[in-house]
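Q: What follows is target28.cif, mmCIF, C-alpha atoms.
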```cif
data_work
#
loop_
_atom_site.group_PDB
_atom_site.id
_atom_site.type_symbol
_atom_site.label_atom_id
_atom_site.label_comp_id
_atom_site.auth_asym_id
_atom_site.auth_seq_id
_atom_site.Cartn_x
_atom_site.Cartn_y
_atom_site.Cartn_z
ATOM 1 C CA MET A 122 3.966 -2.186 0.222
ATOM 2 C CA ILE A 123 3.221 -5.509 -1.445
ATOM 3 C CA ALA A 124 1.684 -8.578 0.168
ATOM 4 C CA VAL A 125 1.672 -12.111 -1.219
ATOM 5 C CA VAL A 126 -0.554 -14.998 -0.173
ATOM 6 C CA ALA A 127 0.928 -18.202 -1.615
ATOM 7 C CA LYS A 128 -1.148 -21.322 -1.070
ATOM 8 C CA ASN A 129 0.492 -24.762 -1.408
ATOM 9 C CA TYR A 130 -1.427 -28.034 -1.783
ATOM 10 C CA VAL A 131 1.033 -30.609 -0.437
ATOM 11 C CA LYS A 132 0.853 -34.367 -1.064
ATOM 12 C CA ALA A 133 -0.157 -36.002 2.223
ATOM 13 C CA GLU A 134 2.884 -38.290 2.203
ATOM 14 C CA LYS A 135 5.287 -35.362 1.499
ATOM 15 C CA ILE A 136 4.364 -32.997 4.331
ATOM 16 C CA GLU A 137 7.463 -33.641 6.458
ATOM 17 C CA GLU A 138 9.725 -33.056 3.475
ATOM 18 C CA PHE A 139 7.773 -29.917 2.520
ATOM 19 C CA LEU A 140 7.970 -28.469 6.028
ATOM 20 C CA GLN A 141 11.742 -28.871 6.119
ATOM 21 C CA ILE A 142 12.301 -27.167 2.754
ATOM 22 C CA ALA A 143 9.726 -24.450 3.508
ATOM 23 C CA LYS A 144 11.261 -23.685 6.907
ATOM 24 C CA ASP A 145 14.718 -23.318 5.338
ATOM 25 C CA LEU A 146 13.225 -21.014 2.687
ATOM 26 C CA VAL A 147 11.451 -18.884 5.314
ATOM 27 C CA ASN A 148 14.604 -18.532 7.396
ATOM 28 C CA ALA A 149 16.857 -17.737 4.423
ATOM 29 C CA THR A 150 14.390 -15.224 3.011
ATOM 30 C CA ASN A 151 13.967 -13.348 6.290
ATOM 31 C CA LYS A 152 17.739 -13.310 6.749
ATOM 32 C CA LEU A 153 18.968 -12.501 3.232
ATOM 33 C CA ASP A 154 16.316 -10.693 1.191
ATOM 34 C CA GLU A 155 16.376 -6.913 1.217
ATOM 35 C CA GLY A 156 12.979 -5.263 1.463
ATOM 36 C CA CYS A 157 11.438 -8.332 3.075
ATOM 37 C CA ILE A 158 9.085 -7.076 5.814
ATOM 38 C CA SER A 159 7.745 -10.515 6.732
ATOM 39 C CA TYR A 160 7.823 -13.982 5.218
ATOM 40 C CA GLU A 161 6.020 -16.587 7.266
ATOM 41 C CA LEU A 162 4.626 -20.125 6.886
ATOM 42 C CA TYR A 163 1.066 -20.699 8.049
ATOM 43 C CA LYS A 164 -1.362 -23.600 8.266
ATOM 44 C CA ASP A 165 -5.104 -23.409 7.647
ATOM 45 C CA PRO A 166 -6.556 -25.570 10.446
ATOM 46 C CA LYS A 167 -9.628 -26.282 8.289
ATOM 47 C CA GLU A 168 -7.739 -27.461 5.223
ATOM 48 C CA ALA A 169 -5.559 -30.569 5.591
ATOM 49 C CA ASN A 170 -2.329 -30.557 3.555
ATOM 50 C CA VAL A 171 -2.682 -26.844 2.697
ATOM 51 C CA TYR A 172 0.250 -24.646 3.729
ATOM 52 C CA THR A 173 0.252 -20.919 3.021
ATOM 53 C CA ILE A 174 3.170 -18.507 2.950
ATOM 54 C CA LEU A 175 2.199 -14.930 3.833
ATOM 55 C CA GLU A 176 4.702 -12.359 2.636
ATOM 56 C CA GLN A 177 5.081 -8.592 2.929
ATOM 57 C CA TRP A 178 7.569 -6.701 0.775
ATOM 58 C CA GLU A 179 8.589 -3.064 0.628
ATOM 59 C CA SER A 180 8.208 -3.033 -3.177
ATOM 60 C CA TYR A 181 7.643 -5.118 -6.313
ATOM 61 C CA GLN A 182 11.411 -4.868 -6.913
ATOM 62 C CA ALA A 183 12.156 -6.478 -3.555
ATOM 63 C CA LEU A 184 9.720 -9.293 -4.368
ATOM 64 C CA GLU A 185 11.245 -9.760 -7.803
ATOM 65 C CA SER A 186 14.797 -9.936 -6.385
ATOM 66 C CA HIS A 187 13.576 -12.603 -3.984
ATOM 67 C CA THR A 188 12.283 -14.738 -6.847
ATOM 68 C CA LYS A 189 15.777 -14.617 -8.400
ATOM 69 C CA ALA A 190 17.647 -15.364 -5.167
ATOM 70 C CA LYS A 191 19.513 -18.688 -4.964
ATOM 71 C CA HIS A 192 17.715 -19.855 -1.822
ATOM 72 C CA PHE A 193 14.435 -19.424 -3.730
ATOM 73 C CA THR A 194 15.379 -20.794 -7.149
ATOM 74 C CA ASP A 195 17.113 -23.777 -5.521
ATOM 75 C CA CYS A 196 14.030 -24.993 -3.672
ATOM 76 C CA ILE A 197 11.237 -24.277 -6.159
ATOM 77 C CA PRO A 198 11.858 -27.418 -8.288
ATOM 78 C CA LYS A 199 12.070 -29.577 -5.142
ATOM 79 C CA LEU A 200 8.873 -28.057 -3.732
ATOM 80 C CA GLY A 201 7.150 -28.596 -7.061
ATOM 81 C CA GLU A 202 7.612 -32.364 -6.766
ATOM 82 C CA LEU A 203 5.820 -32.371 -3.398
ATOM 83 C CA MET A 204 2.619 -30.723 -4.597
ATOM 84 C CA GLU A 205 -0.763 -32.408 -5.051
ATOM 85 C CA LYS A 206 -1.811 -29.704 -7.517
ATOM 86 C CA PRO A 207 -0.620 -26.245 -8.615
ATOM 87 C CA GLY A 208 -0.664 -23.627 -5.861
ATOM 88 C CA GLU A 209 -2.466 -20.291 -5.847
ATOM 89 C CA THR A 210 -0.507 -17.084 -5.435
ATOM 90 C CA LYS A 211 -2.200 -13.728 -4.944
ATOM 91 C CA ILE A 212 -0.326 -10.437 -4.965
ATOM 92 C CA TYR A 213 -1.848 -7.414 -3.204
ATOM 93 C CA GLU A 214 -1.007 -3.719 -3.077
ATOM 94 C CA LYS A 215 -1.399 -1.916 0.243
ATOM 95 C CA LEU A 216 -3.911 0.954 0.459
ATOM 96 C CA VAL A 217 -4.068 1.694 4.205
ATOM 97 C CA MET B 176 0.279 -16.004 15.885
ATOM 98 C CA ILE B 177 -2.898 -15.855 13.833
ATOM 99 C CA ALA B 178 -3.314 -14.379 10.363
ATOM 100 C CA VAL B 179 -6.572 -13.507 8.639
ATOM 101 C CA VAL B 180 -7.141 -12.890 4.929
ATOM 102 C CA ALA B 181 -10.568 -11.267 4.509
ATOM 103 C CA LYS B 182 -11.669 -10.742 0.931
ATOM 104 C CA ASN B 183 -14.459 -8.246 0.162
ATOM 105 C CA TYR B 184 -16.379 -8.104 -3.117
ATOM 106 C CA VAL B 185 -17.568 -4.497 -3.257
ATOM 107 C CA LYS B 186 -20.363 -3.170 -5.477
ATOM 108 C CA ALA B 187 -18.742 -1.036 -8.194
ATOM 109 C CA GLU B 188 -20.883 1.984 -7.299
ATOM 110 C CA LYS B 189 -20.084 1.673 -3.553
ATOM 111 C CA ILE B 190 -16.278 1.653 -3.630
ATOM 112 C CA GLU B 191 -15.797 5.210 -2.349
ATOM 113 C CA GLU B 192 -18.144 4.564 0.549
ATOM 114 C CA PHE B 193 -16.427 1.237 1.283
ATOM 115 C CA LEU B 194 -12.947 2.779 1.280
ATOM 116 C CA GLN B 195 -13.987 5.424 3.804
ATOM 117 C CA ILE B 196 -15.513 2.931 6.237
ATOM 118 C CA ALA B 197 -12.674 0.425 5.756
ATOM 119 C CA LYS B 198 -10.012 3.072 6.351
ATOM 120 C CA ASP B 199 -11.695 4.136 9.597
ATOM 121 C CA LEU B 200 -11.882 0.485 10.662
ATOM 122 C CA VAL B 201 -8.199 -0.091 9.866
ATOM 123 C CA ASN B 202 -7.124 3.002 11.798
ATOM 124 C CA ALA B 203 -9.318 2.251 14.830
ATOM 125 C CA THR B 204 -8.234 -1.384 14.929
ATOM 126 C CA ASN B 205 -4.521 -0.585 14.790
ATOM 127 C CA LYS B 206 -5.000 2.064 17.452
ATOM 128 C CA LEU B 207 -7.357 0.335 19.893
ATOM 129 C CA ASP B 208 -7.149 -3.456 19.618
ATOM 130 C CA GLU B 209 -4.767 -5.235 21.952
ATOM 131 C CA GLY B 210 -2.773 -8.051 20.351
ATOM 132 C CA CYS B 211 -3.173 -6.559 16.877
ATOM 133 C CA ILE B 212 0.180 -7.004 15.083
ATOM 134 C CA SER B 213 -1.021 -5.638 11.757
ATOM 135 C CA TYR B 214 -4.360 -4.822 10.169
ATOM 136 C CA GLU B 215 -4.091 -3.471 6.643
ATOM 137 C CA LEU B 216 -6.303 -2.867 3.598
ATOM 138 C CA TYR B 217 -5.009 -4.152 0.266
ATOM 139 C CA LYS B 218 -6.150 -4.144 -3.348
ATOM 140 C CA ASP B 219 -5.647 -6.988 -5.819
ATOM 141 C CA PRO B 220 -4.611 -5.181 -9.027
ATOM 142 C CA LYS B 221 -5.993 -8.107 -11.087
ATOM 143 C CA GLU B 222 -9.437 -8.177 -9.495
ATOM 144 C CA ALA B 223 -11.608 -5.070 -9.884
ATOM 145 C CA ASN B 224 -13.818 -4.245 -6.893
ATOM 146 C CA VAL B 225 -12.029 -6.772 -4.654
ATOM 147 C CA TYR B 226 -10.529 -5.370 -1.468
ATOM 148 C CA THR B 227 -8.690 -7.582 1.000
ATOM 149 C CA ILE B 228 -7.870 -6.950 4.647
ATOM 150 C CA LEU B 229 -4.737 -8.761 5.821
ATOM 151 C CA GLU B 230 -4.546 -9.151 9.576
ATOM 152 C CA GLN B 231 -2.022 -10.554 12.055
ATOM 153 C CA TRP B 232 -2.984 -11.193 15.676
ATOM 154 C CA GLU B 233 -1.017 -12.400 18.682
ATOM 155 C CA SER B 234 -3.733 -14.955 19.533
ATOM 156 C CA TYR B 235 -7.255 -16.186 18.790
ATOM 157 C CA GLN B 236 -8.366 -14.281 21.909
ATOM 158 C CA ALA B 237 -7.067 -11.003 20.490
ATOM 159 C CA LEU B 238 -8.913 -11.668 17.235
ATOM 160 C CA GLU B 239 -12.094 -12.553 19.093
ATOM 161 C CA SER B 240 -11.952 -9.361 21.193
ATOM 162 C CA HIS B 241 -11.579 -7.392 17.969
ATOM 163 C CA THR B 242 -14.771 -8.897 16.563
ATOM 164 C CA LYS B 243 -16.620 -7.684 19.693
ATOM 165 C CA ALA B 244 -15.101 -4.186 19.661
ATOM 166 C CA LYS B 245 -17.478 -1.272 18.980
ATOM 167 C CA HIS B 246 -15.479 0.043 16.019
ATOM 168 C CA PHE B 247 -15.899 -3.397 14.408
ATOM 169 C CA THR B 248 -19.511 -4.173 15.287
ATOM 170 C CA ASP B 249 -20.573 -0.648 14.282
ATOM 171 C CA CYS B 250 -19.290 -0.909 10.725
ATOM 172 C CA ILE B 251 -20.065 -4.519 9.826
ATOM 173 C CA PRO B 252 -23.773 -3.885 8.999
ATOM 174 C CA LYS B 253 -22.848 -0.809 6.929
ATOM 175 C CA LEU B 254 -20.126 -2.735 5.057
ATOM 176 C CA GLY B 255 -22.558 -5.573 4.429
ATOM 177 C CA GLU B 256 -24.825 -3.281 2.411
ATOM 178 C CA LEU B 257 -21.936 -2.386 0.094
ATOM 179 C CA MET B 258 -21.063 -5.936 -0.930
ATOM 180 C CA GLU B 259 -21.727 -7.550 -4.310
ATOM 181 C CA LYS B 260 -21.622 -11.002 -2.721
ATOM 182 C CA PRO B 261 -20.496 -12.576 0.579
ATOM 183 C CA GLY B 262 -16.788 -12.200 1.308
ATOM 184 C CA GLU B 263 -14.265 -14.963 1.985
ATOM 185 C CA THR B 264 -12.363 -15.023 5.254
ATOM 186 C CA LYS B 265 -9.488 -17.431 5.883
ATOM 187 C CA ILE B 266 -7.830 -17.849 9.269
ATOM 188 C CA TYR B 267 -4.280 -19.215 9.439
ATOM 189 C CA GLU B 268 -2.032 -20.389 12.258
ATOM 190 C CA LYS B 269 1.654 -19.514 12.071
ATOM 191 C CA LEU B 270 4.195 -22.349 11.883
ATOM 192 C CA VAL B 271 7.467 -20.549 11.102
#
```
Output the structure of this file as structure tokens.
A:
Amino acid sequence: MIAVVAKNYVKAEKIEEFLQIAKDLVNATNKLDEGCISYELYKDPKEANVYTILEQWESYQALESHTKAKHFTDCIPKLGELMEKPGETKIYEKLV
Amino acid sequence: MIAVVAKNYVKAEKIEEFLQIAKDLVNATNKLDEGCISYELYKDPKEANVYTILEQWESYQALESHTKAKHFTDCIPKLGELMEKPGETKIYEKLV
């Protein structure tokens, strides 16, 4: 199993727009992507304007298919315009 | 729902010992702690000696009870001795 922690630094004035796009992405991913165990949007209460997507996938292949899916490729450019700075994405492999 | 990303920087020569204690902690937590949705040990393939526990809890209360549970309080001092430097723990609140 693969986990992804994807941190997004959103421009303060673009949060509403980000939340709408991110929510649509979360819903589409959970609905459409095979091998998606969980794909959820979180907020760090201690970091303003930082929104983190926590993902769990059955395999690297499932994650890779997701990154090629239309609902993902459609929104990435739009999301990119809303960011204060580049995000941080960490990919983890499950041990136990 | 609450998620926790707890990063551990383990001394290279203490990895075996860490894995044993961490595996016992993961198993006990999943078995005993109420409100525990998932509690899993992951490895970042790009970061040697870095082991991350990804946790999902129904509430802050569930997380707090976990931190007072014997299987947690017993192993924290032992784990502490195995660390290269202090870990990083992030707590997130679910939005979607």
Q: List, as a ChimeraX atom specification, every residue that the PyMOL selection byres ((chain A) within 12 of (chain B)) selects in the file provided.
A: /A:122-128,140-151,158-168,171-177,210-217
Q: I'd like the interatomic distance between CA of Glu259 (chain B) and CA of Lys186 (chain B), to a tenth of an Å.
A: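 Result for CA of Glu259 (chain B) versus CA of Lys186 (chain B): 4.7 Å, one decimal.
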Q: Take the PyMOL selection byres ((chain B and resi 188) around 12), apply it to the structure above, and return the hits as a list in words.
A: Tyr184, Val185, Lys186, Ala187, Lys189, Ile190, Glu191, Glu192, Phe193, Leu194, Ala223, Asn224, Glu256, Leu257, Met258 and Glu259 of chain B
Q: Could you superpose chain A on chain B by least squares over every Cα, matched in sequence order, and send it back as a CSV table (one decimal) with C-alpha atoms, in the coordinates of the input?
A:
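Here's the written file superposed26.csv:
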```
chain,number,residue,atom,x,y,z
A,122,MET,CA,0.3,-16.0,15.9
A,123,ILE,CA,-2.9,-15.9,13.8
A,124,ALA,CA,-3.3,-14.4,10.4
A,125,VAL,CA,-6.6,-13.5,8.6
A,126,VAL,CA,-7.1,-12.9,4.9
A,127,ALA,CA,-10.6,-11.3,4.5
A,128,LYS,CA,-11.7,-10.7,0.9
A,129,ASN,CA,-14.5,-8.2,0.2
A,130,TYR,CA,-16.4,-8.1,-3.1
A,131,VAL,CA,-17.6,-4.5,-3.2
A,132,LYS,CA,-20.4,-3.2,-5.5
A,133,ALA,CA,-18.7,-1.0,-8.2
A,134,GLU,CA,-20.9,2.0,-7.3
A,135,LYS,CA,-20.1,1.7,-3.5
A,136,ILE,CA,-16.3,1.7,-3.6
A,137,GLU,CA,-15.8,5.2,-2.3
A,138,GLU,CA,-18.1,4.6,0.6
A,139,PHE,CA,-16.4,1.2,1.3
A,140,LEU,CA,-13.0,2.8,1.3
A,141,GLN,CA,-14.0,5.4,3.8
A,142,ILE,CA,-15.5,2.9,6.2
A,143,ALA,CA,-12.7,0.4,5.7
A,144,LYS,CA,-10.0,3.1,6.3
A,145,ASP,CA,-11.7,4.1,9.6
A,146,LEU,CA,-11.9,0.5,10.7
A,147,VAL,CA,-8.2,-0.1,9.9
A,148,ASN,CA,-7.1,3.0,11.8
A,149,ALA,CA,-9.3,2.2,14.8
A,150,THR,CA,-8.2,-1.4,14.9
A,151,ASN,CA,-4.5,-0.6,14.8
A,152,LYS,CA,-5.0,2.1,17.5
A,153,LEU,CA,-7.4,0.3,19.9
A,154,ASP,CA,-7.1,-3.5,19.6
A,155,GLU,CA,-4.7,-5.2,21.9
A,156,GLY,CA,-2.8,-8.0,20.4
A,157,CYS,CA,-3.2,-6.6,16.9
A,158,ILE,CA,0.2,-7.0,15.1
A,159,SER,CA,-1.0,-5.6,11.8
A,160,TYR,CA,-4.4,-4.8,10.2
A,161,GLU,CA,-4.1,-3.5,6.7
A,162,LEU,CA,-6.3,-2.9,3.6
A,163,TYR,CA,-5.0,-4.1,0.3
A,164,LYS,CA,-6.1,-4.2,-3.3
A,165,ASP,CA,-5.6,-7.0,-5.8
A,166,PRO,CA,-4.6,-5.2,-9.0
A,167,LYS,CA,-6.0,-8.1,-11.1
A,168,GLU,CA,-9.4,-8.2,-9.5
A,169,ALA,CA,-11.6,-5.1,-9.9
A,170,ASN,CA,-13.8,-4.2,-6.9
A,171,VAL,CA,-12.0,-6.8,-4.6
A,172,TYR,CA,-10.5,-5.4,-1.5
A,173,THR,CA,-8.7,-7.6,1.0
A,174,ILE,CA,-7.9,-6.9,4.6
A,175,LEU,CA,-4.7,-8.8,5.8
A,176,GLU,CA,-4.5,-9.1,9.6
A,177,GLN,CA,-2.0,-10.5,12.1
A,178,TRP,CA,-3.0,-11.2,15.7
A,179,GLU,CA,-1.0,-12.4,18.7
A,180,SER,CA,-3.7,-14.9,19.5
A,181,TYR,CA,-7.3,-16.2,18.8
A,182,GLN,CA,-8.4,-14.3,21.9
A,183,ALA,CA,-7.1,-11.0,20.5
A,184,LEU,CA,-8.9,-11.7,17.2
A,185,GLU,CA,-12.1,-12.5,19.1
A,186,SER,CA,-11.9,-9.4,21.2
A,187,HIS,CA,-11.6,-7.4,18.0
A,188,THR,CA,-14.8,-8.9,16.6
A,189,LYS,CA,-16.6,-7.7,19.7
A,190,ALA,CA,-15.1,-4.2,19.7
A,191,LYS,CA,-17.5,-1.3,19.0
A,192,HIS,CA,-15.5,0.0,16.0
A,193,PHE,CA,-15.9,-3.4,14.4
A,194,THR,CA,-19.5,-4.2,15.3
A,195,ASP,CA,-20.6,-0.7,14.3
A,196,CYS,CA,-19.3,-0.9,10.7
A,197,ILE,CA,-20.1,-4.5,9.8
A,198,PRO,CA,-23.8,-3.9,9.0
A,199,LYS,CA,-22.8,-0.8,6.9
A,200,LEU,CA,-20.1,-2.7,5.1
A,201,GLY,CA,-22.6,-5.6,4.4
A,202,GLU,CA,-24.8,-3.3,2.4
A,203,LEU,CA,-21.9,-2.4,0.1
A,204,MET,CA,-21.1,-5.9,-0.9
A,205,GLU,CA,-21.7,-7.5,-4.3
A,206,LYS,CA,-21.6,-11.0,-2.7
A,207,PRO,CA,-20.5,-12.6,0.6
A,208,GLY,CA,-16.8,-12.2,1.3
A,209,GLU,CA,-14.3,-15.0,2.0
A,210,THR,CA,-12.4,-15.0,5.3
A,211,LYS,CA,-9.5,-17.4,5.9
A,212,ILE,CA,-7.9,-17.8,9.3
A,213,TYR,CA,-4.3,-19.2,9.4
A,214,GLU,CA,-2.0,-20.4,12.3
A,215,LYS,CA,1.6,-19.5,12.1
A,216,LEU,CA,4.2,-22.4,11.9
A,217,VAL,CA,7.5,-20.6,11.1
```
Q: Just how far from CA of Lys253 (chain B) is CA of Leu207 (chain B), in Å to one decimal?
A: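 About the pair CA of Leu207 (chain B) and CA of Lys253 (chain B): they are 20.2 Å apart.
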Q: In Å, with one decimal, what is the gap from CA of Cys157 (chain A) to CA of Ala190 (chain A)?
A: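 Result for CA of Cys157 (chain A) versus CA of Ala190 (chain A): 12.5 Å, one decimal.
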Q: What are the centre and the three edge lengths of an axis-aligned box that wraps all atoms of region 170-176 of chain A in the file, given that 3 Å is added to every side, written as AutoDock Vina command-line options and rounded to one decimal in Å?
A:
```
--center_x 1.0 --center_y -21.5 --center_z 3.2 --size_x 13.4 --size_y 24.2 --size_z 7.2
```
